[in-house]
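Asker: Here it is: the structure, laid out below.
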Amino acid sequence: MSAAQTTRTADKPTEAPPEHRREWAHMALITIGPVVVALVIGGLVLIAMGVNPLTYYSYVAGRGLFSPSGLQATLTRMGPLLLIAASLIVAFRAGIWNLGGDGQFLLGAVLVAAAGPALVEIFPVWVVLIVGLLIGAVVGMLWSVVPALLRAYQGVNEIITTLMMTFLGVSLANVLVKLAFLDPTTTVPQTRTLPVEDRLPRLFDTTVSSGLLIGLAVIIVVHLVMTRTAFGLKLRVVGANSKAAIHAGLPVPLLTVLVFGISAALAGLAGAVDILGTQGNVRADWNPAYSLTVVPLVFLARFNGFGTIAFVFLFSVLSIGGESAARKLGVPNYFSLVIVAILLVVLGLTEYLDQRRQQKVRS
Amino acid sequence: MGLFTEAFLTSLVLGAVVAGIPLLLAGLGEQLSEKAGVLNIGLEGMMLIGAYMGFLIAYVSGSTTLGFAFGALGGMAVAAIMALLCVRLGLNQIVIGIALTLGAEGITALLHNIQFSRTYPRLDAMDTLPIPLLSGIPVIGPAVFDRPVIVYIAILLVFVMIYVFRATHLGSALQAAGDKPAALDAAGVDVICTRTVAVLCTGLFAGLGGAFMSIVGAGVFVPFMTHGNGFIGIVLAMLARGKPLWVLGGALLFGACLSMTTALQVAGVDIPTDVIQMLPFAMVMLVLILAGRRASLPLALGSSYVRGAR
């Protein structure tokens, strides 16, 4: 099923009709190939750890995909991940390395978790949810202001500043949870919990959070804006060649700040969706570190929103299934980090080989 | 206010040295590869592998020297992947850097989980080598001149690097590889080879720095223990503008920030550790805000060199 979804990546309007089918097969190969190779190498790592990879992968698939509760958890997990992916797509397409998504996500989450239970005592639920989503987005955006300004007006490399802001943000989130927003009624260091009935509504009769819909809507809008609008084109020009963009009369510093704002707001929104939809509170030292692990998925889909949806689904299966496998088979969740790393390297190699092949074909 | 007692000052300086040496090594390494035009985001991963390998070998063999040797080799092994993928094949340096850091985090955490998660073995404190006369100075003496040999080696490396950059052919080749690789190529020096040497040395330095953290600093390996040190190393290299002495100064400054916890505890001040952990990163941001414009990077940084391409 992933094959059917991922081939949509190829769905670009510019392909020549006669080669259409071969293009599709080619795209499918260089998109799914790396996934398969990464899973095989990951399997070798599992063998080295003394775990049967077939047992592991079938357990993960069984838990994350083929059991009703697992599938619902997978779909729910997709909500925040899609928002983070959208955040990365905006930034990467504009040539800006916002690697600070984890800090933006976590601070958004913490402040939403602090505000939610307090607001719900005064306002109706729908107001609380809307305000909560806004708080997440604004907090995320605020956390990117310094890197954005430094990049736009001082030319300071944003990779470093955003990473530094993530380290700061993770510690600050802990400080806030432990000192400012601690729930006095439990001994566990965590914020107050948003009651289950006051969270984002669930879809139909399932446990799937409507955060999934927010994520899907946002990533599709982001994809269309980036590929089909003048604004998106401007951002892509900045990303492709910022000097050319200046010569074309584009306000590059302003656009840079704008991209940071949008990207970080989406990461913060992801935090809000995770809290309002799934978690309900933030425990001390909680840091799912979604952002860096979503980076390869976005690259794998070549910044295409629809392709990203497929890969985020795949990763959610791995992530939800992996969490139960950690408990059951004793393979810690760190394994998904290894898979992601292998995936990135294999992906890079595939791109390289593909370019070489195309050069040969031409010459 | 008895904050500035001799005990407090000694523990502050000592902490600055112990926390600063890994930063120094990482920063020197990053400086080397940045000079040659390779932005090494994988530094954190190289340090982490170095920390793990260093601890493992030191624990198994009982020899800290072997530990450091294998820590450095571990860092170099990661660097070799980086050199192959980014220098030779010209893949995106940032993507591969992220991959190496994530992979190193995952692998070391997995291995630690299998081997040590139940026992958490510790290494004994390393023997120190007091330098005669100098170690008798109050505060500075016990903190700086009564340390394990590796500390002196690290500081010596600063001057070795100054010499290499200033007075050797390799130094100018590195500079050219970062600023105008085509010119270096025209002069008959292999750009790919020069950059590969630089990246491998970066791995060696970073691995050594990581091994220092686990063998000397903590005496134990903990998953994710480098906690951003590699990234601070990158900032140091950026701000040092190619000058090794600046890396040393910056490393000690940030080291002091990192070690504030212990020093303040000695002084009896109670601040939550999460607040203290923010200190070095806040410091980095502050420095970048104040001096960011002056951070200079080689012209060809981050772009791979393809002979004949424009």
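Residue numbering restarts at 1 in every chain; chains get A, B, ... in the order shown in the structure tokens, and ligands count up from 1 in that same order.
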When you look at stretch 54-62 of chain B with a cut-off of 6 Å (counting only C-alpha atoms), what residues show up, excluding the ones that are within fewer than 2 positions of it in the same chain? I need them as a list in words.

Answerer: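 Contacts, with the query itself left out: Gly50, Ala51, Tyr52, Thr64, Gly67, Phe68, Phe70, Gly71, Ala211, Ser214 and Ile215 of chain B.
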
Asker: Let's have the selection written as a PDB file, in the first residue's frame, with N, CA and C atoms.

Answerer:
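As a result, out-v4.pdb now contains:
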ATOM      1  N   GLY B  50      33.298   8.492  19.921  1.00  0.00           N
ATOM      2  CA  GLY B  50      34.564   8.545  20.652  1.00  0.00           C
ATOM      3  C   GLY B  50      34.353   8.279  22.133  1.00  0.00           C
ATOM      4  N   ALA B  51      33.314   8.889  22.698  1.00  0.00           N
ATOM      5  CA  ALA B  51      33.027   8.708  24.119  1.00  0.00           C
ATOM      6  C   ALA B  51      32.723   7.246  24.408  1.00  0.00           C
ATOM      7  N   TYR B  52      31.910   6.632  23.527  1.00  0.00           N
ATOM      8  CA  TYR B  52      31.528   5.243  23.763  1.00  0.00           C
ATOM      9  C   TYR B  52      32.726   4.312  23.623  1.00  0.00           C
ATOM     10  N   THR B  64      43.659   3.457  30.175  1.00  0.00           N
ATOM     11  CA  THR B  64      43.028   4.670  29.655  1.00  0.00           C
ATOM     12  C   THR B  64      43.705   5.112  28.357  1.00  0.00           C
ATOM     13  N   GLY B  67      42.119   3.400  25.733  1.00  0.00           N
ATOM     14  CA  GLY B  67      40.792   3.996  25.627  1.00  0.00           C
ATOM     15  C   GLY B  67      40.813   5.225  24.750  1.00  0.00           C
ATOM     16  N   PHE B  68      41.763   6.115  25.024  1.00  0.00           N
ATOM     17  CA  PHE B  68      41.856   7.336  24.212  1.00  0.00           C
ATOM     18  C   PHE B  68      42.162   7.004  22.762  1.00  0.00           C
ATOM     19  N   PHE B  70      41.410   4.329  21.068  1.00  0.00           N
ATOM     20  CA  PHE B  70      40.244   3.808  20.358  1.00  0.00           C
ATOM     21  C   PHE B  70      39.131   4.841  20.251  1.00  0.00           C
ATOM     22  N   GLY B  71      39.053   5.730  21.240  1.00  0.00           N
ATOM     23  CA  GLY B  71      38.100   6.829  21.122  1.00  0.00           C
ATOM     24  C   GLY B  71      38.400   7.651  19.879  1.00  0.00           C
ATOM     25  N   ALA B 211      36.102  10.871  24.080  1.00  0.00           N
ATOM     26  CA  ALA B 211      36.719   9.932  25.016  1.00  0.00           C
ATOM     27  C   ALA B 211      37.095  10.639  26.307  1.00  0.00           C
ATOM     28  N   SER B 214      34.016  10.816  28.554  1.00  0.00           N
ATOM     29  CA  SER B 214      33.606   9.601  29.255  1.00  0.00           C
ATOM     30  C   SER B 214      34.695   9.089  30.201  1.00  0.00           C
ATOM     31  N   ILE B 215      35.969   9.200  29.800  1.00  0.00           N
ATOM     32  CA  ILE B 215      37.032   8.609  30.624  1.00  0.00           C
ATOM     33  C   ILE B 215      37.427   9.537  31.773  1.00  0.00           C
TER      34      ILE B 215
END

Asker: For the contact check between chain A and chain B, emit one row per residue of chain A within 8 Å, containing the shortest atom pair and the distance in Å rounded to one decimal, counting only C-alpha atoms, chain then rising number order, as a tab-separated table.

Answerer:
residue	atom	partner	partner_atom	distance
A:Met49	CA	B:Ile114	CA	7.9
A:Leu150	CA	B:Ile289	CA	7.0
A:Gln154	CA	B:Arg293	CA	5.2
A:Gly155	CA	B:Arg293	CA	6.7
A:Val156	CA	B:Gly292	CA	5.7
A:Ile160	CA	B:Val235	CA	6.9
A:Thr161	CA	B:Met285	CA	6.9
A:Leu163	CA	B:Phe231	CA	7.7
A:Met164	CA	B:Phe281	CA	5.8
A:Met165	CA	B:Phe281	CA	7.5
A:Phe167	CA	B:Phe281	CA	6.9
A:Leu168	CA	B:Met278	CA	5.3
A:Ser171	CA	B:Asp274	CA	5.4
A:Leu172	CA	B:Asp274	CA	7.2
A:Asn174	CA	B:Asp274	CA	6.6
A:Val175	CA	B:Asp274	CA	5.9
A:Leu292	CA	B:Ile98	CA	7.9
A:Val331	CA	B:Leu110	CA	8.0
A:Pro332	CA	B:Leu110	CA	6.7
A:Tyr334	CA	B:Gly106	CA	4.8
A:Phe335	CA	B:Gly106	CA	6.0
A:Ser336	CA	B:Gly106	CA	7.5
A:Leu337	CA	B:Gly106	CA	5.0
A:Val338	CA	B:Gly103	CA	4.8
A:Ile339	CA	B:Gly103	CA	7.8
A:Val340	CA	B:Ala99	CA	7.4
A:Ala341	CA	B:Ala99	CA	4.4
A:Ile342	CA	B:Gly103	CA	7.2
A:Leu344	CA	B:Ala99	CA	5.8
A:Val345	CA	B:Ile96	CA	6.4
A:Gly348	CA	B:Leu91	CA	6.2
A:Leu349	CA	B:Leu91	CA	7.7
A:Tyr352	CA	B:Leu91	CA	7.2

Asker: Need the shell around stretch 160-174 of chain B: protein/DNA/RNA residues with any atom at most 12 Å away, counting only C-alpha atoms. Skip same-chain ones fewer than 5 positions apart. Format as a PyMOL selection string?

Answerer: chain B and resi 24-25+27-29+31-38+153-155+179-199+201+205+242-248+298+300-301

Asker: Determine the nearest neighbour of A:Val131 from the options A:Val222, A:Ala61, A:Ala272, A:Val145, counting only C-alpha atoms.

Answerer: A:Ala272

Asker: For A:Met78, work out the shell of residues within 9 Å, counting only C-alpha atoms and skipping chain neighbours fewer than 6 positions away, then give it as JSON, numbers by chain.

Answerer: {"A": [211, 212, 215, 216, 309, 312, 313, 315, 316]}

Asker: Once you have the residues from the selection above, write them out as an mmCIF file, in the first residue's frame, restricted to C-alpha atoms.

Answerer:
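Ended up saving to part-v3.cif:
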data_model
loop_
_atom_site.group_PDB
_atom_site.id
_atom_site.type_symbol
_atom_site.label_atom_id
_atom_site.label_comp_id
_atom_site.auth_asym_id
_atom_site.auth_seq_id
_atom_site.Cartn_x
_atom_site.Cartn_y
_atom_site.Cartn_z
ATOM 1 C CA GLY A 211 -5.279 16.352 14.934
ATOM 2 C CA LEU A 212 -4.765 14.062 11.945
ATOM 3 C CA GLY A 215 -2.046 17.842 9.947
ATOM 4 C CA LEU A 216 -3.340 16.624 6.575
ATOM 5 C CA ILE A 309 2.171 12.037 3.943
ATOM 6 C CA VAL A 312 5.032 10.020 7.720
ATOM 7 C CA PHE A 313 2.481 7.207 7.769
ATOM 8 C CA PHE A 315 7.320 6.263 10.093
ATOM 9 C CA SER A 316 4.315 6.423 12.428
#

Asker: To one decimal place, how far is atom CA of A:Ser319 from atom CA of A:Ala25 in Å?

Answerer: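 Atom CA of A:Ala25 lies 28.0 Å from atom CA of A:Ser319.
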